[in-house]
file target.txt (compact mmCIF, C-alpha atoms)
# COMPACT_ATOMS: atom_id res chain seq x y z
CA MET A 1 14.22 4.15 8.35
CA ILE A 2 11.04 4.50 6.33
CA THR A 3 9.52 7.53 4.67
CA GLU A 4 6.30 9.24 5.70
CA LYS A 5 4.52 7.76 2.66
CA GLN A 6 5.76 4.27 3.53
CA ALA A 7 4.63 4.73 7.13
CA ARG A 8 1.17 5.75 5.89
CA ALA A 9 1.03 2.64 3.72
CA LEU A 10 2.11 0.39 6.60
CA ALA A 11 -0.48 1.98 8.90
CA ILE A 12 -3.21 1.12 6.38
CA LEU A 13 -2.02 -2.50 6.31
CA ARG A 14 -1.96 -2.57 10.10
CA ASP A 15 -5.54 -1.27 10.25
CA TYR A 16 -6.84 -3.39 7.32
CA PRO A 17 -5.03 -6.73 7.31
CA GLY A 18 -5.65 -8.77 4.19
CA ILE A 19 -6.45 -5.75 2.03
CA THR A 20 -6.32 -5.96 -1.77
CA ALA A 21 -4.24 -3.52 -3.84
CA ASN A 22 -7.44 -1.95 -5.18
CA ALA A 23 -8.91 -1.38 -1.71
CA PHE A 24 -5.52 -0.13 -0.50
CA ALA A 25 -5.44 2.41 -3.35
CA ALA A 26 -8.85 3.75 -2.33
CA LEU A 27 -7.55 4.42 1.19
CA TYR A 28 -4.03 5.54 0.31
CA PHE A 29 -4.51 8.02 -2.52
CA THR A 30 -6.02 11.38 -1.63
CA GLU A 31 -6.54 14.60 -3.57
CA PRO A 32 -5.19 15.97 -5.83
CA SER A 33 -3.92 12.73 -7.42
CA ARG A 34 -6.98 10.69 -6.46
CA GLU A 35 -9.30 11.91 -9.21
CA SER A 36 -6.87 11.35 -12.06
CA LEU A 37 -5.75 7.97 -10.73
CA PHE A 38 -9.28 6.65 -10.34
CA THR A 39 -11.10 8.19 -13.30
CA ALA A 40 -8.52 8.09 -16.09
CA VAL A 41 -8.83 5.17 -18.47
CA SER A 42 -5.48 3.50 -18.84
CA ASN A 43 -4.07 0.60 -20.82
CA GLN A 44 -0.66 -0.83 -19.91
CA GLY A 45 -1.03 -3.95 -22.04
CA ASN A 46 -3.62 -5.82 -20.00
CA GLY A 47 -6.69 -4.04 -21.35
CA ALA A 48 -8.05 -0.58 -20.69
CA CYS A 49 -10.13 0.27 -17.68
CA ALA A 50 -10.79 3.17 -15.33
CA GLY A 51 -8.93 2.99 -12.04
CA LYS A 52 -6.06 0.92 -13.42
CA LYS A 53 -3.51 3.64 -12.66
CA ALA A 54 -4.47 3.66 -8.99
CA TRP A 55 -4.27 -0.12 -8.81
CA LEU A 56 -0.88 -0.18 -10.56
CA CYS A 57 0.57 2.55 -8.35
CA ALA A 58 -0.70 0.83 -5.21
CA GLY A 59 0.66 -2.51 -6.37
CA SER A 60 4.03 -0.95 -7.10
CA LEU A 61 4.28 0.61 -3.65
CA LEU A 62 3.18 -2.59 -1.93
CA GLY A 63 5.63 -4.59 -4.05
CA LYS A 64 8.52 -2.34 -3.00
CA LEU A 65 7.54 -2.73 0.64
CA ALA A 66 7.33 -6.50 0.18
CA LYS A 67 10.86 -6.59 -1.26
CA ARG A 68 12.06 -4.92 1.93
CA GLY A 69 10.25 -7.54 4.01
CA LEU A 70 7.79 -5.05 5.48
CA VAL A 71 4.75 -6.49 3.72
CA ARG A 72 3.79 -9.95 2.58
CA ARG A 73 1.39 -10.91 -0.15
CA ASP A 74 -0.89 -13.93 0.17
CA TYR A 75 -1.87 -15.41 -3.17
CA GLY A 76 -4.14 -18.05 -1.64
CA SER A 77 -7.29 -16.01 -2.14
CA GLY A 78 -6.71 -15.62 -5.87
CA THR A 79 -6.87 -11.82 -5.67
CA GLY A 80 -3.69 -11.23 -3.70
CA ARG A 81 -4.07 -9.81 -0.25
CA PHE A 82 -1.46 -7.83 1.60
CA TYR A 83 -0.43 -8.04 5.24
CA LEU A 84 1.98 -6.18 7.47
CA THR A 85 4.93 -8.35 8.54
CA TYR A 86 6.53 -8.38 11.96
CA GLU A 87 9.39 -6.31 10.50
CA GLY A 88 6.89 -3.84 9.03
CA GLU A 89 5.15 -3.49 12.39
CA ASN A 90 8.50 -2.76 14.06
CA LYS A 91 9.44 -0.13 11.46
CA LEU A 92 6.04 1.51 11.87
CA LYS A 93 6.43 1.58 15.68
CA GLN A 94 9.93 3.09 15.36
CA THR A 95 8.62 5.82 13.07
CA THR A 96 5.70 6.55 15.39
CA HIS A 97 7.99 6.79 18.42
CA ASN A 98 10.48 9.02 16.58
CA HIS A 99 7.72 11.50 15.72
CA ALA A 100 6.21 11.55 19.20
call {"tool": "encode", "arguments": {"input": "target.txt", "output": "structure tokens"}}
result
Amino acid sequence: MITEKQARALAILRDYPGITANAFAALYFTEPSRESLFTAVSNQGNGACAGKKAWLCAGSLLGKLAKRGLVRRDYGSGTGRFYLTYEGENKLKQTTHNHA
């Protein structure tokens, strides 16, 4: 079973295969958290920049989904792109059918 938030994340990956964590964050986060995540300047040890919180939160969510085998990350592009796995697609379909 996956949560509603996880299902939303998997649906984005289904619709945008090969998406980066930054692009994923722009689609995933909506108001009211969107403004603070994208405009606040943050420094977690890798240098300060605006939007870092959104990128870190998106990367954390995608990482958790990857640990469950629902998402895979491709490092070949140098930027890290995320894809829905077969298992992720099945979980998303199960969730969609359960809510129908």
call {"tool": "closest_residue", "arguments": {"input": "target.txt", "among": "A:Leu62, A:Ala21, A:Leu27, A:Ala54", "to": "Gln6 of chain A", "atoms": "all atoms listed in the file"}}
result
A:Leu62
call {"tool": "atom_distance", "arguments": {"input": "target.txt", "atom1": "atom CA of Leu56 of chain A", "atom2": "atom CA of Ile2 of chain A"}}
result
21.2 Å
call {"tool": "residues_around", "arguments": {"input": "target.txt", "residues": "Pro17 of chain A", "least_positions_apart": "3", "cutoff": "8 Å", "atoms": "all atoms listed in the file", "output": "MDAnalysis selection string"}}
result
chainID A and resid 13:14 82:84
call {"tool": "atom_distance", "arguments": {"input": "target.txt", "atom1": "atom CA of Glu87 of chain A", "atom2": "atom CA of Ala25 of chain A"}}
result
22.1 Å
call {"tool": "atom_distance", "arguments": {"input": "target.txt", "atom1": "atom CA of Glu4 of chain A", "atom2": "atom CA of Gly69 of chain A"}}
result
17.3 Å
call {"tool": "residues_around", "arguments": {"input": "target.txt", "residues": "Arg72 of chain A", "least_positions_apart": "2", "cutoff": "10 Å", "atoms": "all atoms listed in the file", "output": "CSV table (one decimal) with C-alpha atoms, in the frame of the given file"}}
result
chain,number,residue,atom,x,y,z
A,18,GLY,CA,-5.6,-8.8,4.2
A,62,LEU,CA,3.2,-2.6,-1.9
A,63,GLY,CA,5.6,-4.6,-4.0
A,65,LEU,CA,7.5,-2.7,0.6
A,66,ALA,CA,7.3,-6.5,0.2
A,67,LYS,CA,10.9,-6.6,-1.3
A,68,ARG,CA,12.1,-4.9,1.9
A,69,GLY,CA,10.2,-7.5,4.0
A,70,LEU,CA,7.8,-5.0,5.5
A,74,ASP,CA,-0.9,-13.9,0.2
A,75,TYR,CA,-1.9,-15.4,-3.2
A,80,GLY,CA,-3.7,-11.2,-3.7
A,81,ARG,CA,-4.1,-9.8,-0.2
A,82,PHE,CA,-1.5,-7.8,1.6
A,83,TYR,CA,-0.4,-8.0,5.2
A,84,LEU,CA,2.0,-6.2,7.5
A,85,THR,CA,4.9,-8.4,8.5
A,86,TYR,CA,6.5,-8.4,12.0
A,88,GLY,CA,6.9,-3.8,9.0
call {"tool": "build_atoms", "arguments": {"input": "target.txt", "residues": "segment 57-70 of chain A", "atoms": "N, CA, C and O atoms", "output": "tab-separated table (two decimals), keeping the file's coordinate frame"}}
result
chain	number	residue	atom	x	y	z
A	57	CYS	N	-0.27	1.79	-9.28
A	57	CYS	CA	0.57	2.55	-8.35
A	57	CYS	C	0.56	1.92	-6.96
A	57	CYS	O	1.61	1.81	-6.32
A	58	ALA	N	-0.60	1.49	-6.52
A	58	ALA	CA	-0.70	0.83	-5.21
A	58	ALA	C	0.09	-0.47	-5.21
A	58	ALA	O	0.83	-0.76	-4.28
A	59	GLY	N	-0.06	-1.25	-6.27
A	59	GLY	CA	0.66	-2.51	-6.37
A	59	GLY	C	2.16	-2.31	-6.39
A	59	GLY	O	2.92	-3.08	-5.80
A	60	SER	N	2.61	-1.25	-7.05
A	60	SER	CA	4.03	-0.95	-7.10
A	60	SER	C	4.57	-0.60	-5.72
A	60	SER	O	5.61	-1.11	-5.30
A	61	LEU	N	3.86	0.24	-4.99
A	61	LEU	CA	4.28	0.61	-3.65
A	61	LEU	C	4.30	-0.61	-2.73
A	61	LEU	O	5.27	-0.84	-2.00
A	62	LEU	N	3.24	-1.40	-2.78
A	62	LEU	CA	3.18	-2.59	-1.93
A	62	LEU	C	4.27	-3.59	-2.31
A	62	LEU	O	4.85	-4.24	-1.45
A	63	GLY	N	4.56	-3.71	-3.60
A	63	GLY	CA	5.63	-4.59	-4.05
A	63	GLY	C	6.99	-4.17	-3.52
A	63	GLY	O	7.80	-5.00	-3.10
A	64	LYS	N	7.25	-2.87	-3.53
A	64	LYS	CA	8.52	-2.34	-3.00
A	64	LYS	C	8.63	-2.61	-1.50
A	64	LYS	O	9.70	-2.97	-1.01
A	65	LEU	N	7.53	-2.45	-0.79
A	65	LEU	CA	7.54	-2.73	0.64
A	65	LEU	C	7.73	-4.22	0.91
A	65	LEU	O	8.38	-4.62	1.87
A	66	ALA	N	7.17	-5.05	0.04
A	66	ALA	CA	7.33	-6.50	0.18
A	66	ALA	C	8.78	-6.91	-0.05
A	66	ALA	O	9.31	-7.77	0.66
A	67	LYS	N	9.45	-6.28	-1.01
A	67	LYS	CA	10.86	-6.59	-1.26
A	67	LYS	C	11.73	-6.26	-0.06
A	67	LYS	O	12.74	-6.90	0.16
A	68	ARG	N	11.32	-5.29	0.71
A	68	ARG	CA	12.06	-4.92	1.93
A	68	ARG	C	11.67	-5.79	3.12
A	68	ARG	O	12.21	-5.63	4.21
A	69	GLY	N	10.69	-6.66	2.93
A	69	GLY	CA	10.25	-7.54	4.01
A	69	GLY	C	9.27	-6.90	4.97
A	69	GLY	O	9.00	-7.46	6.03
A	70	LEU	N	8.71	-5.76	4.61
A	70	LEU	CA	7.79	-5.05	5.48
A	70	LEU	C	6.34	-5.47	5.26
A	70	LEU	O	5.48	-5.23	6.11
